[in-house]
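Since the structure comes first, as structure tokens, the remarks are kept for the end.
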Amino acid sequence: RAVDGVFSRLRNRLNWILMLSFFILPWFQWGDRQAVWFDLAQQKFHIFGLVLWPQDFVLFAAIFMLAAYALFFVTTFAGRVWCGYTCPQTIWTLMFMWVENRVEGNAQQRRALDKAQWSSNKLFKKTLKHLLWAGIALLTALAFMSYFVQAPQLYTDILSFNVSPVVAAWVFTFTLCTYLNAGLVREKMCQHMCPYARFQSAMITSATKQVSYDSTRGEARGPRKRKLAPPEHLGDCVDCDLCVQVCPVGIDIRDGMQYDCINCGLCIDACDQTMKKFGYPLGLIRFAAEDPKPTSKFKHYAYVFMMALTLIASLVWMQQREMFEMTVIKDRNVLYRFNETGGVENAYQLELLNKTNEFKQVKLELDAEVELQIESATHYSLAPNERLSRV
């Protein structure tokens with residue numbers, strides 16, 4: 001059920017910003033190429049002015065570690081707000097529900113439509129909804145693939161039906177996954193499949209602010225007339241069940257803390273609307289901590305320390321990483337052979353990698369004390385971010 005309120009508007013605006021960023025980012029250009037482009041064919045990752053190679057994957061590991069520590073750090077303060085506001089599953093599910101609400105109507109109208117006999121109106125609305133879902137899923141898959149295949153080329157190939165079988169297979173796979181996850185699976189992903197829901201309790205403390213129901217003030221719950229003081233035997237909860245109807249994962253927050261809760265705050269918006277109608281104080285459901293003053297802040301300091309350590313290590317590694325690499329690999333097919341002069345000849349493969357944004361001139365020389373001779377070329381020219389392989 002749709003609801004309007006502080007947390008709902010914050011969630012919607014943040015979701016639109018993140019979603020549009022995902023779709024638009026591949027179209028930004030950096031010089032003569034796409035600003036963010038994971039070129040798997042050439043084994044190069046372009047991130048604006050930074051070019052990373054497979055040898056630099058340690059940086060990706062550090063970035064993921066930093067993101068994980070940041071997620072753990074936020075969880076100790078506000079629980080699963082990542083799930084409620086920025087998780088892709090949540091964002092795309094919200095978008096699909098928005099389409100469903102525009103095509104089939106509000107919650108009551110959708111339930112009535114589901115129970116109604118099949119008719120031309122029902123067939124039209126159901127077909128339109130699923131076609132729009134499929135269209136959004138296809139655009140999502142294309143946007144995702146445009147991080148690996150340059151966006152202009154990808155969309156040109158798709159529109160001209162000239163796309164390669166590999167790209168077509170990946171587009172179809174991601175389209176199907178998006179359609180199923182956001183359209184059909186939805187909250188079941190958060191309840192049964194997401195690993196974060198399972199281990200979040202290890203990070204939550206008594207000082208963590210989570211969506212909580214004030215049972216002392218709300219119980220015993222029960223219906224009553226508006227604008228009248230609650231009867232002595234009843235609390236402020238009017239038992240309207242709106243908090244359950246708006247919950248994306250379908251839980252009743254009045255039953256206490258549950259791992260399914262994604263801390264989106266929609267039940268707070270619904271409850272506050274009801275409290276306003278009855279003239280009661282707001283905050284029957286609110287973000288609250290069991291103990292606002294934790295006895296120990298060890299977890300907080302530990303996460304901050306690990307984030308700082310990971311960030312410093314990444315910066316030091318970036319400063320000291322080798323910008324030019326050379327690898328000499330012995331040809332294993334032939335150990336050695338005698339040439340026409342009677343000398344012993346060995347074959348090697350030379351790998352040169354220029355990680356800089358400048359042209360490089362390379363000259364190969366042997367140590368003067370070594371009685372060896374290079375038969376192939378000894379001078380090479382490498383363009384910026386070029387890999388050169390010679391035998």
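Labeling convention for the structure tokens: chains A, B, ... as they appear, residues from 1 per chain, ligands from 1 in order of appearance.
Using only C-alpha atoms, the residues found no farther than 12 Å from Gln108 of chain A, other than those of its own chain fewer than 5 positions away, are Arg1, Ala2, Asn101, Leu113, Asp114, Lys115 and Gln245 of chain A.
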Problem - segment 196-212 of chain A environment, 9 Å, only C-alpha atoms, sequence neighbours closer than 6 positions dropped, as a count of residues only - result: 37
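For Ser376 of chain A, the set of protein, DNA and RNA residues having any atom at most 12 Å away, when counting only C-alpha atoms and skipping those fewer than 4 positions along the same chain, is Glu345, Asn346, Ala347, Tyr348, Gln349, Leu350, Lys363, Leu364, Glu365, Tyr380, Arg390 and Val391 of chain A.
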For Met95 of chain A: contacts at 9 Å, only C-alpha atoms, fewer than 3 positions along chain excluded, given as a PDB file with N, CA and C atoms, in the first residue's frame:
ATOM      1  N   ASN A  15      16.102   6.998  -4.215  1.00  0.00           N
ATOM      2  CA  ASN A  15      16.014   5.916  -5.201  1.00  0.00           C
ATOM      3  C   ASN A  15      16.100   6.441  -6.621  1.00  0.00           C
ATOM      4  N   TRP A  16      15.410   7.541  -6.910  1.00  0.00           N
ATOM      5  CA  TRP A  16      15.460   8.119  -8.249  1.00  0.00           C
ATOM      6  C   TRP A  16      16.865   8.614  -8.585  1.00  0.00           C
ATOM      7  N   THR A  90      15.770  -3.177  -3.508  1.00  0.00           N
ATOM      8  CA  THR A  90      14.733  -2.280  -3.007  1.00  0.00           C
ATOM      9  C   THR A  90      14.366  -1.226  -4.052  1.00  0.00           C
ATOM     10  N   ILE A  91      15.378  -0.648  -4.702  1.00  0.00           N
ATOM     11  CA  ILE A  91      15.139   0.421  -5.670  1.00  0.00           C
ATOM     12  C   ILE A  91      14.316  -0.086  -6.849  1.00  0.00           C
ATOM     13  N   TRP A  92      14.697  -1.230  -7.413  1.00  0.00           N
ATOM     14  CA  TRP A  92      13.976  -1.731  -8.582  1.00  0.00           C
ATOM     15  C   TRP A  92      12.606  -2.279  -8.192  1.00  0.00           C
ATOM     16  N   TRP A  98       5.722   1.041  -8.403  1.00  0.00           N
ATOM     17  CA  TRP A  98       5.221   2.326  -8.875  1.00  0.00           C
ATOM     18  C   TRP A  98       4.466   2.143 -10.186  1.00  0.00           C
ATOM     19  N   VAL A  99       5.023   1.337 -11.089  1.00  0.00           N
ATOM     20  CA  VAL A  99       4.352   1.035 -12.357  1.00  0.00           C
ATOM     21  C   VAL A  99       3.043   0.294 -12.090  1.00  0.00           C
ATOM     22  N   GLU A 100       3.091  -0.687 -11.206  1.00  0.00           N
ATOM     23  CA  GLU A 100       1.900  -1.463 -10.874  1.00  0.00           C
ATOM     24  C   GLU A 100       0.795  -0.572 -10.318  1.00  0.00           C
ATOM     25  N   ILE A 136      11.316  -2.143 -18.616  1.00  0.00           N
ATOM     26  CA  ILE A 136      12.248  -1.627 -17.603  1.00  0.00           C
ATOM     27  C   ILE A 136      13.379  -2.623 -17.374  1.00  0.00           C
ATOM     28  N   ALA A 182      12.520  -8.091  -9.275  1.00  0.00           N
ATOM     29  CA  ALA A 182      11.767  -6.895  -8.908  1.00  0.00           C
ATOM     30  C   ALA A 182      10.268  -7.064  -9.107  1.00  0.00           C
TER      31      ALA A 182
END
Exercise for the section: Name the closest residue to Leu71 of chain A among the candidates A:Leu18, A:Val304, A:Leu132, A:Ala313; distances are taken between atoms, counting only C-alpha atoms. Expected result: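 Among the listed residues, A:Val304 lies closest to Leu71 of chain A.
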Practice task
Run DSSP on the backbone and give me the residues of segment 157-382 of chain A it puts in strand (DSSP E), as an MDAnalysis selection string.
Solution key: chainID A and resid 210:213 285:288 324:330 337:338 344:345 348:354 360:363 379:382
What would the file look like if the residues just selected were written as a short mmCIF file (atom, residue, chain, number, x, y, z; two decimals), in the first residue's frame with N, CA, C and O atoms?
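Result file is selection_2.cif:
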data_model
loop_
_atom_site.label_atom_id
_atom_site.label_comp_id
_atom_site.auth_asym_id
_atom_site.auth_seq_id
_atom_site.Cartn_x
_atom_site.Cartn_y
_atom_site.Cartn_z
N GLN A 210 16.69 1.60 15.53
CA GLN A 210 15.91 0.80 14.60
C GLN A 210 14.44 1.21 14.68
O GLN A 210 14.00 1.83 15.65
N VAL A 211 13.69 0.86 13.66
CA VAL A 211 12.26 1.12 13.68
C VAL A 211 11.65 0.30 14.80
O VAL A 211 11.75 -0.93 14.81
N SER A 212 11.02 0.98 15.76
CA SER A 212 10.52 0.31 16.96
C SER A 212 9.12 0.81 17.30
O SER A 212 8.78 1.98 17.07
N TYR A 213 8.35 -0.08 17.85
CA TYR A 213 6.99 0.23 18.30
C TYR A 213 7.00 0.40 19.81
O TYR A 213 7.53 -0.44 20.54
N ILE A 285 5.41 4.72 16.50
CA ILE A 285 6.46 3.93 15.85
C ILE A 285 7.53 4.92 15.42
O ILE A 285 7.23 5.92 14.76
N ARG A 286 8.76 4.66 15.75
CA ARG A 286 9.83 5.62 15.48
C ARG A 286 11.17 4.90 15.47
O ARG A 286 11.27 3.73 15.86
N PHE A 287 12.20 5.63 15.01
CA PHE A 287 13.57 5.13 15.13
C PHE A 287 14.01 5.33 16.57
O PHE A 287 14.06 6.47 17.06
N ALA A 288 14.33 4.27 17.23
CA ALA A 288 14.72 4.36 18.65
C ALA A 288 15.72 3.26 18.98
O ALA A 288 15.77 2.22 18.32
N PHE A 324 55.02 0.76 -15.20
CA PHE A 324 55.52 0.10 -16.40
C PHE A 324 56.02 -1.27 -15.99
O PHE A 324 56.80 -1.41 -15.05
N GLU A 325 55.54 -2.29 -16.70
CA GLU A 325 55.90 -3.66 -16.34
C GLU A 325 56.45 -4.40 -17.56
O GLU A 325 55.98 -4.19 -18.69
N MET A 326 57.42 -5.25 -17.30
CA MET A 326 57.99 -6.10 -18.34
C MET A 326 58.09 -7.52 -17.81
O MET A 326 58.55 -7.74 -16.68
N THR A 327 57.63 -8.47 -18.61
CA THR A 327 57.68 -9.88 -18.23
C THR A 327 58.31 -10.67 -19.36
O THR A 327 57.95 -10.50 -20.54
N VAL A 328 59.29 -11.51 -19.02
CA VAL A 328 59.95 -12.38 -19.99
C VAL A 328 59.58 -13.82 -19.66
O VAL A 328 59.87 -14.30 -18.55
N ILE A 329 58.93 -14.50 -20.61
CA ILE A 329 58.43 -15.85 -20.38
C ILE A 329 59.11 -16.81 -21.34
O ILE A 329 59.14 -16.60 -22.55
N LYS A 330 59.69 -17.87 -20.81
CA LYS A 330 60.36 -18.90 -21.63
C LYS A 330 59.34 -19.70 -22.40
O LYS A 330 58.31 -20.10 -21.86
N ARG A 337 67.46 -24.94 -29.20
CA ARG A 337 67.82 -25.52 -30.48
C ARG A 337 69.13 -24.89 -30.94
O ARG A 337 69.48 -23.78 -30.51
N PHE A 338 69.84 -25.58 -31.82
CA PHE A 338 71.08 -25.07 -32.39
C PHE A 338 70.76 -24.35 -33.70
O PHE A 338 70.07 -24.89 -34.56
N VAL A 344 73.52 -21.82 -29.45
CA VAL A 344 72.31 -22.32 -28.79
C VAL A 344 71.28 -21.18 -28.75
O VAL A 344 71.58 -20.07 -28.31
N GLU A 345 70.09 -21.50 -29.22
CA GLU A 345 69.03 -20.48 -29.30
C GLU A 345 67.84 -20.89 -28.45
O GLU A 345 67.41 -22.04 -28.48
N TYR A 348 61.82 -16.78 -26.24
CA TYR A 348 61.15 -16.15 -25.10
C TYR A 348 60.00 -15.28 -25.62
O TYR A 348 60.04 -14.75 -26.74
N GLN A 349 59.00 -15.12 -24.79
CA GLN A 349 57.91 -14.20 -25.08
C GLN A 349 58.05 -12.96 -24.19
O GLN A 349 58.19 -13.07 -22.98
N LEU A 350 58.04 -11.81 -24.82
CA LEU A 350 58.23 -10.56 -24.11
C LEU A 350 56.88 -9.85 -23.96
O LEU A 350 56.16 -9.64 -24.93
N GLU A 351 56.52 -9.51 -22.73
CA GLU A 351 55.27 -8.79 -22.43
C GLU A 351 55.63 -7.43 -21.85
O GLU A 351 56.29 -7.34 -20.81
N LEU A 352 55.20 -6.37 -22.54
CA LEU A 352 55.42 -5.00 -22.08
C LEU A 352 54.07 -4.36 -21.80
O LEU A 352 53.13 -4.49 -22.58
N LEU A 353 53.98 -3.66 -20.69
CA LEU A 353 52.72 -3.04 -20.28
C LEU A 353 52.98 -1.61 -19.83
O LEU A 353 53.71 -1.37 -18.87
N ASN A 354 52.40 -0.67 -20.56
CA ASN A 354 52.52 0.75 -20.22
C ASN A 354 51.24 1.21 -19.54
O ASN A 354 50.19 1.33 -20.16
N LYS A 360 55.62 5.70 -24.45
CA LYS A 360 56.88 5.24 -23.87
C LYS A 360 57.74 4.60 -24.96
O LYS A 360 57.27 3.81 -25.78
N GLN A 361 59.04 4.95 -24.95
CA GLN A 361 60.03 4.32 -25.82
C GLN A 361 60.86 3.37 -24.98
O GLN A 361 61.40 3.76 -23.94
N VAL A 362 60.96 2.12 -25.43
CA VAL A 362 61.65 1.09 -24.65
C VAL A 362 62.81 0.54 -25.46
O VAL A 362 62.66 0.23 -26.65
N LYS A 363 63.96 0.41 -24.83
CA LYS A 363 65.14 -0.19 -25.45
C LYS A 363 65.61 -1.34 -24.58
O LYS A 363 65.84 -1.18 -23.38
N HIS A 379 64.03 -2.19 -29.85
CA HIS A 379 63.37 -0.90 -29.62
C HIS A 379 61.85 -1.05 -29.84
O HIS A 379 61.42 -1.59 -30.87
N TYR A 380 61.12 -0.58 -28.88
CA TYR A 380 59.66 -0.67 -28.94
C TYR A 380 59.04 0.67 -28.55
O TYR A 380 59.58 1.39 -27.72
N SER A 381 57.90 0.95 -29.16
CA SER A 381 57.14 2.15 -28.83
C SER A 381 55.76 1.74 -28.35
O SER A 381 55.05 1.00 -29.03
N LEU A 382 55.38 2.21 -27.16
CA LEU A 382 54.10 1.84 -26.56
C LEU A 382 53.24 3.08 -26.37
O LEU A 382 53.69 4.10 -25.82
#
Practice task
Find the residue from A:Gln89, A:Met145, A:Asp236, A:Cys247 that sits nearest to Leu180 of chain A; use only C-alpha atoms when measuring.
Solution key: A:Gln89
Completion exercise
What separates atom CA of Val166 of chain A and atom CA of Leu52 of chain A is a distance of 23.9 Å
Exercise for the section: Identify all residues of segment 88-211 of chain A in helix (DSSP H, G or I) (DSSP on the backbone) and supply them as a PyMOL selection string. Expected result: chain A and resi 88-104+107-115+120-145+151-159+165-185+187-193+196-202
Practice task
One decimal, Å: what's the distance from atom CA of Gln320 of chain A over to atom CA of Lys355 of chain A, could you say?
Solution key: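 Spanning atom CA of Gln320 of chain A to atom CA of Lys355 of chain A is a straight-line distance of 12.9 Å.
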Problem - Proximity to Ser164 of chain A - best of A:Glu322, A:Val149, A:Leu138, A:Ala68, only C-alpha atoms - result: A:Val149
Completion exercise
With distances taken over only C-alpha atoms, the candidate from A:Ser120, A:Thr173, A:Asn357, A:Asn12 nearest Thr86 of chain A is A:Asn12
Exercise for the section: Do a neighbour search on Pro230 of chain A at 12 Å with only C-alpha atoms, toss out local chain neighbours closer than 2 positions, and write the hits as a list in words. Expected result: Arg217, Gly218, Glu219, Ala220, Arg221, Gly222, Pro223, Arg224, Lys225, Arg226, Lys227, Leu228, Glu232, His233, Leu234, Gly235, Asp236, Cys237, Val238, Met275, Phe278, Gly279 and Tyr280 of chain A
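Proximity of A:Phe45, A:Phe60, A:Trp37, A:Trp170 to Leu311 of chain A, computed with only C-alpha atoms, is greatest for A:Phe60.
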